[in-house]
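Next up, start_20.cif (mmCIF, C-alpha atoms (C1' of nucleotides)):
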```cif
data_target
#
loop_
_atom_site.label_atom_id
_atom_site.label_comp_id
_atom_site.auth_asym_id
_atom_site.auth_seq_id
_atom_site.Cartn_x
_atom_site.Cartn_y
_atom_site.Cartn_z
CA MET A 197 0.00 0.00 0.00
CA ASN A 198 1.20 3.48 -0.91
CA LEU A 199 2.01 5.49 2.16
CA ILE A 200 2.03 9.27 1.92
CA THR A 201 3.23 12.12 4.11
CA ILE A 202 1.00 14.26 6.24
CA LYS A 203 1.11 17.11 3.76
CA GLU A 204 0.00 14.86 0.94
CA ALA A 205 -2.72 13.41 3.14
CA ALA A 206 -3.82 16.95 3.93
CA ALA A 207 -4.02 17.83 0.24
CA ALA A 208 -5.86 14.61 -0.59
CA SER A 209 -8.38 14.87 2.25
CA GLY A 210 -8.88 18.60 2.52
CA VAL A 211 -7.90 18.53 6.19
CA SER A 212 -4.90 20.68 7.13
CA ALA A 213 -1.82 18.93 8.53
CA LYS A 214 -2.34 20.88 11.74
CA ARG A 215 -5.86 19.53 12.09
CA ILE A 216 -4.81 16.00 11.24
CA ARG A 217 -2.33 16.03 14.13
CA HIS A 218 -4.99 17.58 16.31
CA TYR A 219 -7.54 14.90 15.45
CA GLU A 220 -4.97 12.28 16.25
CA SER A 221 -4.09 13.91 19.58
CA ILE A 222 -7.72 13.87 20.73
CA GLY A 223 -8.21 10.30 19.59
CA LEU A 224 -10.64 11.08 16.77
CA ILE A 225 -8.48 9.23 14.29
CA PRO A 226 -5.96 6.50 15.18
CA ALA A 227 -2.24 7.23 15.14
CA PRO A 228 -0.82 6.28 11.74
CA ALA A 229 2.31 4.29 11.02
CA ARG A 230 5.64 6.05 11.40
CA GLY A 231 8.75 5.81 9.27
CA GLU A 232 12.30 5.43 10.56
CA ASN A 233 12.49 9.19 10.87
CA GLN A 234 9.29 9.29 12.94
CA TYR A 235 7.37 10.88 10.10
CA ARG A 236 3.69 9.94 9.89
CA HIS A 237 2.64 7.82 6.92
CA TYR A 238 -0.96 7.62 5.77
CA SER A 239 -2.68 4.90 3.80
CA ALA A 240 -5.56 5.43 1.36
CA SER A 241 -8.13 4.28 3.90
CA GLU A 242 -6.79 6.70 6.47
CA VAL A 243 -7.10 9.48 3.95
CA GLN A 244 -10.68 8.37 3.32
CA ALA A 245 -11.45 8.63 7.01
CA LEU A 246 -9.99 12.14 7.06
CA GLY A 247 -12.24 13.08 4.16
CA PHE A 248 -15.18 11.66 6.07
CA VAL A 249 -14.32 13.85 9.04
CA ARG A 250 -13.97 16.92 6.88
CA ARG A 251 -17.34 16.46 5.23
CA ALA A 252 -19.01 15.83 8.55
CA ARG A 253 -17.41 19.03 9.91
CA ASP A 254 -18.66 20.86 6.82
CA LEU A 255 -22.13 19.75 7.84
CA GLY A 256 -21.58 21.25 11.27
CA PHE A 257 -21.27 18.01 13.25
CA SER A 258 -19.30 18.31 16.48
CA ILE A 259 -16.18 16.25 17.03
CA ASP A 260 -18.09 14.04 19.44
CA ASP A 261 -20.84 13.49 16.87
CA ILE A 262 -18.20 12.57 14.33
CA ARG A 263 -16.65 10.13 16.77
CA GLN A 264 -19.94 8.24 16.78
CA LEU A 265 -20.50 8.62 13.04
CA LEU A 266 -17.01 7.31 12.30
CA ALA A 267 -17.61 4.27 14.50
CA LEU A 268 -20.89 3.59 12.72
CA TRP A 269 -19.27 4.18 9.34
CA ARG A 270 -16.66 1.56 10.11
CA ASP A 271 -19.23 -0.89 11.44
CA ARG A 272 -20.52 -2.75 8.40
CA GLY A 273 -23.55 -4.06 10.29
CA ARG A 274 -24.68 -0.84 11.96
CA PRO A 275 -28.38 -0.04 12.01
CA SER A 276 -29.13 3.02 9.91
CA ALA A 277 -31.51 4.19 12.64
CA GLU A 278 -28.57 5.17 14.83
CA VAL A 279 -27.07 7.33 12.12
CA LYS A 280 -30.40 8.89 11.32
CA ALA A 281 -30.99 9.72 14.98
CA ILE A 282 -27.67 11.56 15.24
CA ALA A 283 -28.38 13.42 12.01
CA LEU A 284 -31.88 14.46 13.02
CA ARG A 285 -30.75 15.58 16.45
CA HIS A 286 -28.14 17.68 14.73
CA VAL A 287 -30.73 19.08 12.33
CA ALA A 288 -32.79 20.19 15.31
CA GLU A 289 -29.77 21.95 16.81
CA LEU A 290 -28.98 23.65 13.51
CA ASP A 291 -32.56 24.84 13.11
CA GLU A 292 -32.62 26.13 16.66
CA LYS A 293 -29.42 28.11 16.21
CA ALA A 294 -30.53 29.44 12.84
CA ALA A 295 -33.83 30.58 14.36
CA ALA A 296 -32.01 32.35 17.19
CA LEU A 297 -29.75 34.16 14.74
CA ALA A 298 -32.71 35.10 12.57
CA ALA A 299 -34.54 36.52 15.57
CA MET A 300 -31.54 38.66 16.49
CA SER A 301 -31.23 39.81 12.91
CA ARG A 302 -34.92 40.70 12.68
CA MET A 303 -34.78 42.78 15.83
CA LEU A 304 -31.64 44.59 14.74
CA LYS A 305 -33.00 45.24 11.26
CA HIS A 306 -36.10 46.74 12.78
CA LEU A 307 -34.08 48.94 15.10
CA ALA A 308 -31.73 49.97 12.31
CA SER A 309 -34.65 50.86 10.06
CA THR A 310 -35.87 53.39 12.59
CA CYS A 311 -32.40 54.90 12.98
CA HIS A 312 -31.58 57.92 10.83
CA GLY A 313 -27.96 56.92 10.44
CA ASP A 314 -26.66 60.44 10.04
CA ASP A 315 -24.83 63.05 12.12
CA ARG A 316 -27.66 63.41 14.61
CA PRO A 317 -27.11 61.75 17.97
CA ASP A 318 -30.64 60.32 18.35
CA CYS A 319 -30.40 56.57 17.93
CA PRO A 320 -33.22 54.08 18.56
CA ILE A 321 -30.67 51.26 18.58
CA LEU A 322 -28.84 52.65 21.59
CA ASP A 323 -32.15 53.64 23.15
CA ALA A 324 -33.31 50.05 22.90
CA LEU A 325 -30.12 48.78 24.51
CA GLY A 326 -30.40 51.35 27.27
CA PRO A 327 -32.47 50.77 30.40
CA ALA A 328 -35.46 52.88 29.42
CA HIS A 329 -36.54 50.69 26.55
CA ALA A 330 -35.46 47.33 27.83
CA ASP A 331 -38.88 45.93 26.93
CA MET A 332 -38.04 46.17 23.23
CA ILE A 333 -35.62 43.30 23.58
CA MET B 30 -26.17 57.36 45.82
CA ASN B 31 -27.21 53.89 46.86
CA LEU B 32 -24.35 51.46 46.42
CA ILE B 33 -25.12 47.77 46.11
CA THR B 34 -23.09 44.57 46.22
CA ILE B 35 -22.07 42.61 43.18
CA LYS B 36 -24.78 40.04 43.77
CA GLU B 37 -27.47 42.69 43.88
CA ALA B 38 -26.02 44.31 40.77
CA ALA B 39 -26.14 40.89 39.11
CA ALA B 40 -29.78 40.42 40.02
CA ALA B 41 -30.68 43.95 38.92
CA SER B 42 -28.84 43.79 35.59
CA GLY B 43 -29.27 40.16 34.63
CA VAL B 44 -25.50 39.72 34.36
CA SER B 45 -23.99 37.08 36.63
CA ALA B 46 -21.47 38.21 39.26
CA LYS B 47 -18.90 36.05 37.51
CA ARG B 48 -19.47 37.86 34.25
CA ILE B 49 -19.43 41.28 35.91
CA ARG B 50 -15.95 40.59 37.30
CA HIS B 51 -14.91 39.25 33.91
CA TYR B 52 -16.15 42.35 32.08
CA GLU B 53 -14.24 44.47 34.55
CA SER B 54 -11.06 42.41 34.11
CA ILE B 55 -11.09 42.85 30.33
CA GLY B 56 -11.82 46.56 30.63
CA LEU B 57 -15.32 46.43 29.15
CA ILE B 58 -16.72 48.19 32.20
CA PRO B 59 -14.71 50.40 34.57
CA ALA B 60 -13.73 49.13 38.00
CA PRO B 61 -16.34 50.17 40.56
CA ALA B 62 -15.76 51.72 43.97
CA ARG B 63 -14.64 49.43 46.78
CA GLY B 64 -15.63 49.39 50.44
CA GLU B 65 -13.27 49.11 53.41
CA ASN B 66 -13.44 45.35 53.06
CA GLN B 67 -12.51 45.54 49.35
CA TYR B 68 -16.01 44.56 48.30
CA ARG B 69 -17.20 46.06 45.02
CA HIS B 70 -20.03 48.60 45.22
CA TYR B 71 -22.18 49.46 42.23
CA SER B 72 -24.17 52.61 41.53
CA ALA B 73 -27.42 52.77 39.56
CA SER B 74 -25.65 54.02 36.44
CA GLU B 75 -23.18 51.17 36.60
CA VAL B 76 -26.06 48.73 36.82
CA GLN B 77 -27.60 50.43 33.78
CA ALA B 78 -24.39 49.90 31.84
CA LEU B 79 -24.42 46.23 32.80
CA GLY B 80 -27.98 45.93 31.54
CA PHE B 81 -26.87 47.56 28.30
CA VAL B 82 -24.13 44.99 27.92
CA ARG B 83 -26.51 42.13 28.61
CA ARG B 84 -29.03 43.26 26.03
CA ALA B 85 -26.31 43.77 23.45
CA ARG B 86 -25.00 40.26 24.16
CA ASP B 87 -28.56 38.96 23.80
CA LEU B 88 -28.52 40.46 20.31
CA GLY B 89 -25.34 38.54 19.57
CA PHE B 90 -22.90 41.46 19.55
CA SER B 91 -19.30 40.56 20.32
CA ILE B 92 -17.53 42.07 23.31
CA ASP B 93 -15.53 44.27 20.96
CA ASP B 94 -18.71 45.48 19.28
CA ILE B 95 -20.16 46.26 22.69
CA ARG B 96 -17.03 48.16 23.60
CA GLN B 97 -17.75 50.51 20.71
CA LEU B 98 -21.49 50.63 21.36
CA LEU B 99 -20.92 51.48 25.01
CA ALA B 100 -18.59 54.31 24.07
CA LEU B 101 -21.17 55.66 21.63
CA TRP B 102 -23.94 55.20 24.19
CA ARG B 103 -22.02 57.31 26.67
CA ASP B 104 -21.17 59.94 24.09
CA ARG B 105 -24.14 62.31 24.04
CA GLY B 106 -23.08 63.83 20.75
CA ARG B 107 -22.34 60.65 18.81
CA PRO B 108 -23.54 60.40 15.22
CA SER B 109 -26.22 57.73 14.87
CA ALA B 110 -24.56 56.65 11.62
CA GLU B 111 -21.75 55.00 13.57
CA VAL B 112 -24.17 52.95 15.63
CA LYS B 113 -26.18 52.02 12.57
CA ALA B 114 -23.05 50.89 10.75
CA ILE B 115 -22.08 48.57 13.59
CA ALA B 116 -25.60 47.20 13.77
CA LEU B 117 -25.88 46.59 10.03
CA ARG B 118 -22.50 44.95 9.86
CA HIS B 119 -23.62 42.65 12.64
CA VAL B 120 -26.90 41.95 10.85
CA ALA B 121 -24.90 40.86 7.81
CA GLU B 122 -22.84 38.49 9.96
CA LEU B 123 -25.96 37.08 11.59
CA ASP B 124 -27.63 36.51 8.24
CA GLU B 125 -24.53 34.86 6.86
CA LYS B 126 -24.28 32.46 9.77
CA ALA B 127 -27.98 31.71 9.68
CA ALA B 128 -27.78 30.95 5.97
CA ALA B 129 -24.84 28.60 6.51
CA LEU B 130 -26.72 26.73 9.24
CA ALA B 131 -29.84 26.53 7.08
CA ALA B 132 -27.81 25.08 4.21
CA MET B 133 -26.36 22.40 6.48
CA SER B 134 -29.81 21.63 7.82
CA ARG B 135 -31.29 21.35 4.33
CA MET B 136 -28.61 18.93 3.19
CA LEU B 137 -28.95 16.79 6.29
CA LYS B 138 -32.75 16.75 6.09
CA HIS B 139 -32.49 15.60 2.51
CA LEU B 140 -30.02 12.85 3.40
CA ALA B 141 -32.07 11.77 6.40
CA SER B 142 -35.23 11.61 4.30
CA THR B 143 -33.60 9.02 2.07
CA CYS B 144 -32.40 6.94 5.04
CA HIS B 145 -34.60 4.10 6.16
CA GLY B 146 -33.72 4.59 9.79
CA ASP B 147 -34.23 0.97 10.76
CA ASP B 148 -32.08 -2.08 11.53
CA ARG B 149 -30.68 -2.29 8.03
CA PRO B 150 -27.10 -1.11 7.62
CA ASP B 151 -27.62 0.76 4.35
CA CYS B 152 -27.37 4.46 5.11
CA PRO B 153 -27.25 7.26 2.53
CA ILE B 154 -26.03 9.64 5.23
CA LEU B 155 -22.85 7.68 5.80
CA ASP B 156 -22.55 7.05 2.08
CA ALA B 157 -22.60 10.78 1.48
CA LEU B 158 -19.92 11.36 4.08
CA GLY B 159 -17.81 8.57 2.65
CA PRO B 160 -15.40 9.12 -0.24
CA ALA B 161 -17.55 7.63 -2.97
CA HIS B 162 -20.24 10.30 -2.82
CA ALA B 163 -18.20 13.29 -1.85
CA ASP B 164 -19.88 15.28 -4.61
CA MET B 165 -23.15 15.28 -2.67
CA ILE B 166 -21.67 17.70 -0.19
"C1'" DT C 58 27.35 22.01 1.20
"C1'" DT C 59 24.03 24.61 1.95
"C1'" DT C 60 19.51 26.01 1.43
"C1'" DG C 61 14.83 25.61 2.02
"C1'" DA C 62 10.96 22.81 2.33
"C1'" DC C 63 9.50 19.45 4.81
"C1'" DG C 64 8.66 16.92 9.38
"C1'" DT C 65 8.37 16.70 14.81
"C1'" DT C 66 6.76 18.19 19.71
"C1'" DC C 67 5.30 21.60 22.83
"C1'" DC C 68 3.40 25.93 24.37
"C1'" DT C 69 0.35 29.80 24.01
"C1'" DG C 70 -3.82 32.26 22.39
"C1'" DT C 71 -8.48 32.49 20.79
"C1'" DC C 72 -13.90 33.74 22.85
"C1'" DA C 73 -16.84 34.35 26.55
"C1'" DT C 74 -17.48 32.42 30.00
"C1'" DG C 75 -18.22 28.30 34.06
"C1'" DG C 76 -16.31 25.79 37.84
"C1'" DT C 77 -13.70 25.34 41.75
"C1'" DA C 78 -10.33 26.26 45.45
"C1'" DA C 79 -8.58 28.75 49.21
"C1'" DG C 80 -9.23 32.28 51.94
"C1'" DG C 81 -11.46 36.77 54.27
"C1'" DT C 82 -16.05 39.15 56.03
"C1'" DT C 83 -20.46 39.72 57.60
"C1'" DT C 84 -24.74 38.36 59.48
"C1'" DA C 85 -27.77 35.46 61.93
"C1'" DA C 86 -28.90 31.83 64.79
"C1'" DA C 87 -27.94 28.33 68.60
"C1'" DT D 23 -19.76 32.92 72.51
"C1'" DT D 24 -19.33 30.10 69.09
"C1'" DT D 25 -20.44 28.61 64.90
"C1'" DA D 26 -22.62 28.16 60.65
"C1'" DA D 27 -24.19 30.24 56.36
"C1'" DA D 28 -23.96 33.29 52.97
"C1'" DC D 29 -21.54 36.36 51.24
"C1'" DC D 30 -17.09 38.49 49.25
"C1'" DT D 31 -12.08 38.23 47.21
"C1'" DT D 32 -8.30 36.47 43.87
"C1'" DA D 33 -6.47 32.96 41.08
"C1'" DC D 34 -6.22 29.03 38.42
"C1'" DC D 35 -8.14 25.34 35.22
"C1'" DA D 36 -11.49 23.82 31.62
"C1'" DT D 37 -14.34 24.30 27.59
"C1'" DG D 38 -14.33 23.53 21.45
"C1'" DA D 39 -11.80 23.29 17.79
"C1'" DC D 40 -8.44 24.74 16.37
"C1'" DA D 41 -4.25 28.58 14.64
"C1'" DG D 42 0.25 30.38 15.32
"C1'" DG D 43 4.78 30.03 16.39
"C1'" DA D 44 9.17 28.41 18.68
"C1'" DA D 45 12.76 25.23 18.59
"C1'" DC D 46 14.58 21.51 16.57
"C1'" DG D 47 15.32 17.23 13.30
"C1'" DT D 48 15.35 15.45 8.30
"C1'" DC D 49 15.61 15.19 3.49
"C1'" DA D 50 16.08 16.40 -1.51
"C1'" DA D 51 17.94 19.30 -4.86
"C1'" DA D 52 21.26 22.87 -6.54
#
```
How would this structure read if it were set down as structure tokens?
Amino acid sequence: MNLITIKEAAAASGVSAKRIRHYESIGLIPAPARGENQYRHYSASEVQALGFVRRARDLGFSIDDIRQLLALWRDRGRPSAEVKAIALRHVAELDEKAAALAAMSRMLKHLASTCHGDDRPDCPILDALGPAHADMI
Amino acid sequence: MNLITIKEAAAASGVSAKRIRHYESIGLIPAPARGENQYRHYSASEVQALGFVRRARDLGFSIDDIRQLLALWRDRGRPSAEVKAIALRHVAELDEKAAALAAMSRMLKHLASTCHGDDRPDCPILDALGPAHADMI
DNA sequence: TTTGACGTTCCTGTCATGGTAAGGTTTAAA
DNA sequence: TTTAAACCTTACCATGACAGGAACGTCAAA
């Protein structure tokens, strides 16, 4: 099997060398083989696992989520229900966070729309943050 | 002026005593007066500033943003344009983050909808994360 | 041979806190 | 009077998921 250096593995997987070492240090991915010079050497399947991690991170999964997903991915007989449960729980978290951000944005847009935005000091945004209009938030 | 303890200031402002000390340590709010016993004592205006900070945090502003907003809030002659610019920049950030989360959620919902979610091992979610279907993400 | 591009480990910083420890103070009850 | 509790203080460690950089070893090409 063709073994490659960490930089090549980084290029092939889309995970930076720094992150690869980090993932190894926290036990997300197993330590790879080392050469005589102590350099890490990665096999194709290890690069595949790194790609898996990257794509899961791109979907916003936490490292702990990915730990479980990786284990299920490697388990040929896993029940798909377990994977689906993790995914749907994550979807709920994503939707919750997105809703919270949208609510903040809505409020700020409203406040900004009532603010002149010129040289005058009157500012409904600051008024809303101040104690007199606390009820607006 | 009625001076109150940090715990009372926390209750009145909605900012925990821990956070109040933290905000002081990073210079977000000025150090308050101290009693003979070195206990912090807060005035009404200091409690108002803490409430300001809390509401700005509730709207997702960073500490550095709040630093600027507080300075503008205290400046009676500030131009509202400066405040509006900070707010609109923050709105853009919020919208960007919300859109990213929504995109992740959409993709995961789609993948989950095609997953049986039973005892069978076949799982389009894992397949999509794996190297063969990298193009799905 | 020397340069520069790799590799290694280890330490610190990020952001906005929370938790906890070890100690001093004040207040109230036993 | 003693003691217990509820406060207060500072200071340090932990979080998540890394990035940056120091200090040092190794390797390939000019």
Produce the least-squares-superposed copy of chain B, fitted on chain A over all in-order C-alpha pairs, as a short mmCIF file (atom, residue, chain, number, x, y, z; two decimals) with C-alpha atoms, in the coordinates of the input.
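So the final result, stored in out_8.cif, reads:
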```cif
data_model
loop_
_atom_site.label_atom_id
_atom_site.label_comp_id
_atom_site.auth_asym_id
_atom_site.auth_seq_id
_atom_site.Cartn_x
_atom_site.Cartn_y
_atom_site.Cartn_z
CA MET B 30 0.00 0.04 -0.07
CA ASN B 31 1.19 3.49 -1.01
CA LEU B 32 2.03 5.49 2.09
CA ILE B 33 2.07 9.26 1.87
CA THR B 34 3.29 12.08 4.10
CA ILE B 35 1.05 14.18 6.26
CA LYS B 36 1.16 17.06 3.81
CA GLU B 37 0.03 14.86 0.96
CA ALA B 38 -2.69 13.39 3.16
CA ALA B 39 -3.76 16.95 3.96
CA ALA B 40 -3.96 17.87 0.30
CA ALA B 41 -5.81 14.66 -0.58
CA SER B 42 -8.34 14.90 2.26
CA GLY B 43 -8.82 18.64 2.57
CA VAL B 44 -7.84 18.52 6.24
CA SER B 45 -4.84 20.63 7.21
CA ALA B 46 -1.77 18.84 8.59
CA LYS B 47 -2.29 20.76 11.81
CA ARG B 48 -5.80 19.43 12.14
CA ILE B 49 -4.76 15.88 11.26
CA ARG B 50 -2.27 15.87 14.15
CA HIS B 51 -4.93 17.40 16.38
CA TYR B 52 -7.50 14.75 15.47
CA GLU B 53 -4.92 12.10 16.23
CA SER B 54 -4.04 13.69 19.58
CA ILE B 55 -7.66 13.68 20.74
CA GLY B 56 -8.17 10.11 19.55
CA LEU B 57 -10.62 10.94 16.76
CA ILE B 58 -8.46 9.09 14.26
CA PRO B 59 -5.96 6.35 15.13
CA ALA B 60 -2.24 7.07 15.07
CA PRO B 61 -0.80 6.17 11.66
CA ALA B 62 2.34 4.18 10.92
CA ARG B 63 5.68 5.95 11.31
CA GLY B 64 8.81 5.74 9.19
CA GLU B 65 12.37 5.32 10.47
CA ASN B 66 12.57 9.08 10.84
CA GLN B 67 9.34 9.16 12.90
CA TYR B 68 7.43 10.78 10.07
CA ARG B 69 3.75 9.85 9.85
CA HIS B 70 2.68 7.76 6.85
CA TYR B 71 -0.93 7.58 5.72
CA SER B 72 -2.68 4.87 3.73
CA ALA B 73 -5.56 5.43 1.30
CA SER B 74 -8.13 4.27 3.85
CA GLU B 75 -6.78 6.67 6.43
CA VAL B 76 -7.09 9.49 3.92
CA GLN B 77 -10.68 8.39 3.28
CA ALA B 78 -11.43 8.63 6.99
CA LEU B 79 -9.97 12.13 7.05
CA GLY B 80 -12.21 13.11 4.15
CA PHE B 81 -15.16 11.70 6.07
CA VAL B 82 -14.28 13.84 9.05
CA ARG B 83 -13.92 16.94 6.91
CA ARG B 84 -17.30 16.50 5.26
CA ALA B 85 -18.96 15.87 8.60
CA ARG B 86 -17.35 19.03 9.98
CA ASP B 87 -18.59 20.90 6.90
CA LEU B 88 -22.08 19.80 7.91
CA GLY B 89 -21.50 21.28 11.35
CA PHE B 90 -21.21 18.04 13.33
CA SER B 91 -19.24 18.29 16.56
CA ILE B 92 -16.12 16.20 17.07
CA ASP B 93 -18.05 13.99 19.48
CA ASP B 94 -20.79 13.48 16.91
CA ILE B 95 -18.16 12.56 14.35
CA ARG B 96 -16.63 10.11 16.78
CA GLN B 97 -19.92 8.23 16.79
CA LEU B 98 -20.48 8.62 13.05
CA LEU B 99 -17.01 7.30 12.30
CA ALA B 100 -17.61 4.26 14.48
CA LEU B 101 -20.90 3.60 12.71
CA TRP B 102 -19.29 4.20 9.32
CA ARG B 103 -16.69 1.56 10.08
CA ASP B 104 -19.25 -0.87 11.43
CA ARG B 105 -20.58 -2.74 8.40
CA GLY B 106 -23.57 -4.03 10.30
CA ARG B 107 -24.68 -0.81 11.98
CA PRO B 108 -28.38 0.02 12.05
CA SER B 109 -29.13 3.09 9.95
CA ALA B 110 -31.50 4.25 12.68
CA GLU B 111 -28.55 5.23 14.87
CA VAL B 112 -27.05 7.38 12.15
CA LYS B 113 -30.40 8.94 11.36
CA ALA B 114 -30.97 9.77 15.02
CA ILE B 115 -27.64 11.59 15.26
CA ALA B 116 -28.35 13.45 12.05
CA LEU B 117 -31.86 14.51 13.07
CA ARG B 118 -30.72 15.62 16.48
CA HIS B 119 -28.10 17.74 14.78
CA VAL B 120 -30.69 19.13 12.36
CA ALA B 121 -32.76 20.23 15.35
CA GLU B 122 -29.74 22.00 16.84
CA LEU B 123 -28.96 23.69 13.54
CA ASP B 124 -32.53 24.87 13.13
CA GLU B 125 -32.62 26.17 16.67
CA LYS B 126 -29.44 28.17 16.22
CA ALA B 127 -30.55 29.48 12.86
CA ALA B 128 -33.85 30.60 14.34
CA ALA B 129 -32.08 32.40 17.18
CA LEU B 130 -29.81 34.23 14.73
CA ALA B 131 -32.77 35.14 12.53
CA ALA B 132 -34.61 36.57 15.54
CA MET B 133 -31.62 38.73 16.45
CA SER B 134 -31.31 39.86 12.86
CA ARG B 135 -35.00 40.75 12.64
CA MET B 136 -34.88 42.84 15.80
CA LEU B 137 -31.74 44.65 14.70
CA LYS B 138 -33.10 45.30 11.20
CA HIS B 139 -36.20 46.78 12.74
CA LEU B 140 -34.18 49.01 15.07
CA ALA B 141 -31.83 50.05 12.29
CA SER B 142 -34.75 50.92 10.03
CA THR B 143 -35.95 53.46 12.57
CA CYS B 144 -32.47 54.99 12.96
CA HIS B 145 -31.66 58.00 10.84
CA GLY B 146 -28.06 56.98 10.42
CA ASP B 147 -26.75 60.51 10.03
CA ASP B 148 -24.89 63.09 12.13
CA ARG B 149 -27.71 63.46 14.61
CA PRO B 150 -27.18 61.80 17.98
CA ASP B 151 -30.69 60.40 18.35
CA CYS B 152 -30.47 56.65 17.93
CA PRO B 153 -33.28 54.16 18.57
CA ILE B 154 -30.74 51.34 18.58
CA LEU B 155 -28.92 52.72 21.59
CA ASP B 156 -32.22 53.70 23.16
CA ALA B 157 -33.38 50.11 22.89
CA LEU B 158 -30.20 48.84 24.50
CA GLY B 159 -30.46 51.41 27.25
CA PRO B 160 -32.51 50.82 30.40
CA ALA B 161 -35.51 52.92 29.44
CA HIS B 162 -36.61 50.69 26.57
CA ALA B 163 -35.53 47.33 27.84
CA ASP B 164 -38.94 45.94 26.94
CA MET B 165 -38.13 46.23 23.24
CA ILE B 166 -35.72 43.35 23.55
#
```
| What residues come out when you apply the PyMOL selection byres ((chain A) within 10 of (chain C)) to this file, written as a PyMOL selection string? | chain A and resi 201-203+233-236
Write out as a CSV table (one decimal) with C-alpha atoms (C1' of nucleotides), in the coordinates of the input every residue belonging to chain D that has an atom at most 9 Å from any atom of chain A, counting all atoms listed in the file.
```
chain,number,residue,atom,x,y,z
D,38,DG,C1',-14.3,23.5,21.4
D,39,DA,C1',-11.8,23.3,17.8
D,40,DC,C1',-8.4,24.7,16.4
D,41,DA,C1',-4.2,28.6,14.6
D,47,DG,C1',15.3,17.2,13.3
D,48,DT,C1',15.4,15.4,8.3
```
Using all atoms listed in the file and a distance of at most 7 Å, pull out the residues of chain B that contact chain A, as an mmCIF file with C-alpha atoms, keeping the file's coordinate frame.
```cif
data_model
loop_
_atom_site.group_PDB
_atom_site.id
_atom_site.type_symbol
_atom_site.label_atom_id
_atom_site.label_comp_id
_atom_site.auth_asym_id
_atom_site.auth_seq_id
_atom_site.Cartn_x
_atom_site.Cartn_y
_atom_site.Cartn_z
ATOM 1 C CA GLN B 77 -27.600 50.430 33.780
ATOM 2 C CA GLY B 80 -27.980 45.930 31.540
ATOM 3 C CA PHE B 81 -26.870 47.560 28.300
ATOM 4 C CA ARG B 84 -29.030 43.260 26.030
ATOM 5 C CA ALA B 85 -26.310 43.770 23.450
ATOM 6 C CA LEU B 88 -28.520 40.460 20.310
ATOM 7 C CA GLY B 89 -25.340 38.540 19.570
ATOM 8 C CA TRP B 102 -23.940 55.200 24.190
ATOM 9 C CA ARG B 105 -24.140 62.310 24.040
ATOM 10 C CA GLY B 106 -23.080 63.830 20.750
ATOM 11 C CA ARG B 107 -22.340 60.650 18.810
ATOM 12 C CA PRO B 108 -23.540 60.400 15.220
ATOM 13 C CA SER B 109 -26.220 57.730 14.870
ATOM 14 C CA ALA B 110 -24.560 56.650 11.620
ATOM 15 C CA LYS B 113 -26.180 52.020 12.570
ATOM 16 C CA ALA B 116 -25.600 47.200 13.770
ATOM 17 C CA VAL B 120 -26.900 41.950 10.850
ATOM 18 C CA LEU B 123 -25.960 37.080 11.590
ATOM 19 C CA ASP B 124 -27.630 36.510 8.240
ATOM 20 C CA ALA B 127 -27.980 31.710 9.680
ATOM 21 C CA LEU B 130 -26.720 26.730 9.240
ATOM 22 C CA ALA B 131 -29.840 26.530 7.080
ATOM 23 C CA MET B 133 -26.360 22.400 6.480
ATOM 24 C CA SER B 134 -29.810 21.630 7.820
ATOM 25 C CA LEU B 137 -28.950 16.790 6.290
ATOM 26 C CA LYS B 138 -32.750 16.750 6.090
ATOM 27 C CA ALA B 141 -32.070 11.770 6.400
ATOM 28 C CA CYS B 144 -32.400 6.940 5.040
ATOM 29 C CA HIS B 145 -34.600 4.100 6.160
ATOM 30 C CA GLY B 146 -33.720 4.590 9.790
ATOM 31 C CA ASP B 147 -34.230 0.970 10.760
ATOM 32 C CA ASP B 148 -32.080 -2.080 11.530
ATOM 33 C CA ARG B 149 -30.680 -2.290 8.030
ATOM 34 C CA PRO B 150 -27.100 -1.110 7.620
ATOM 35 C CA ASP B 151 -27.620 0.760 4.350
ATOM 36 C CA CYS B 152 -27.370 4.460 5.110
ATOM 37 C CA LEU B 155 -22.850 7.680 5.800
ATOM 38 C CA LEU B 158 -19.920 11.360 4.080
ATOM 39 C CA GLY B 159 -17.810 8.570 2.650
ATOM 40 C CA PRO B 160 -15.400 9.120 -0.240
#
```
| Suppose you want the space between atom C1' of D:DA51 and atom CA of A:Ile200; what is it in Å? | 20.0 Å
| query | What is the distance between atom CA of B:Ala62 and atom CA of B:Asp93, in Å to one decimal? | reply |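 The value is 24.2 Å.
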| message | What's the separation between atom CA of B:Arg96 and atom CA of B:Ile58, in Å to one decimal place? | response |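 Rounded to one decimal, the two atoms are 8.6 Å apart.
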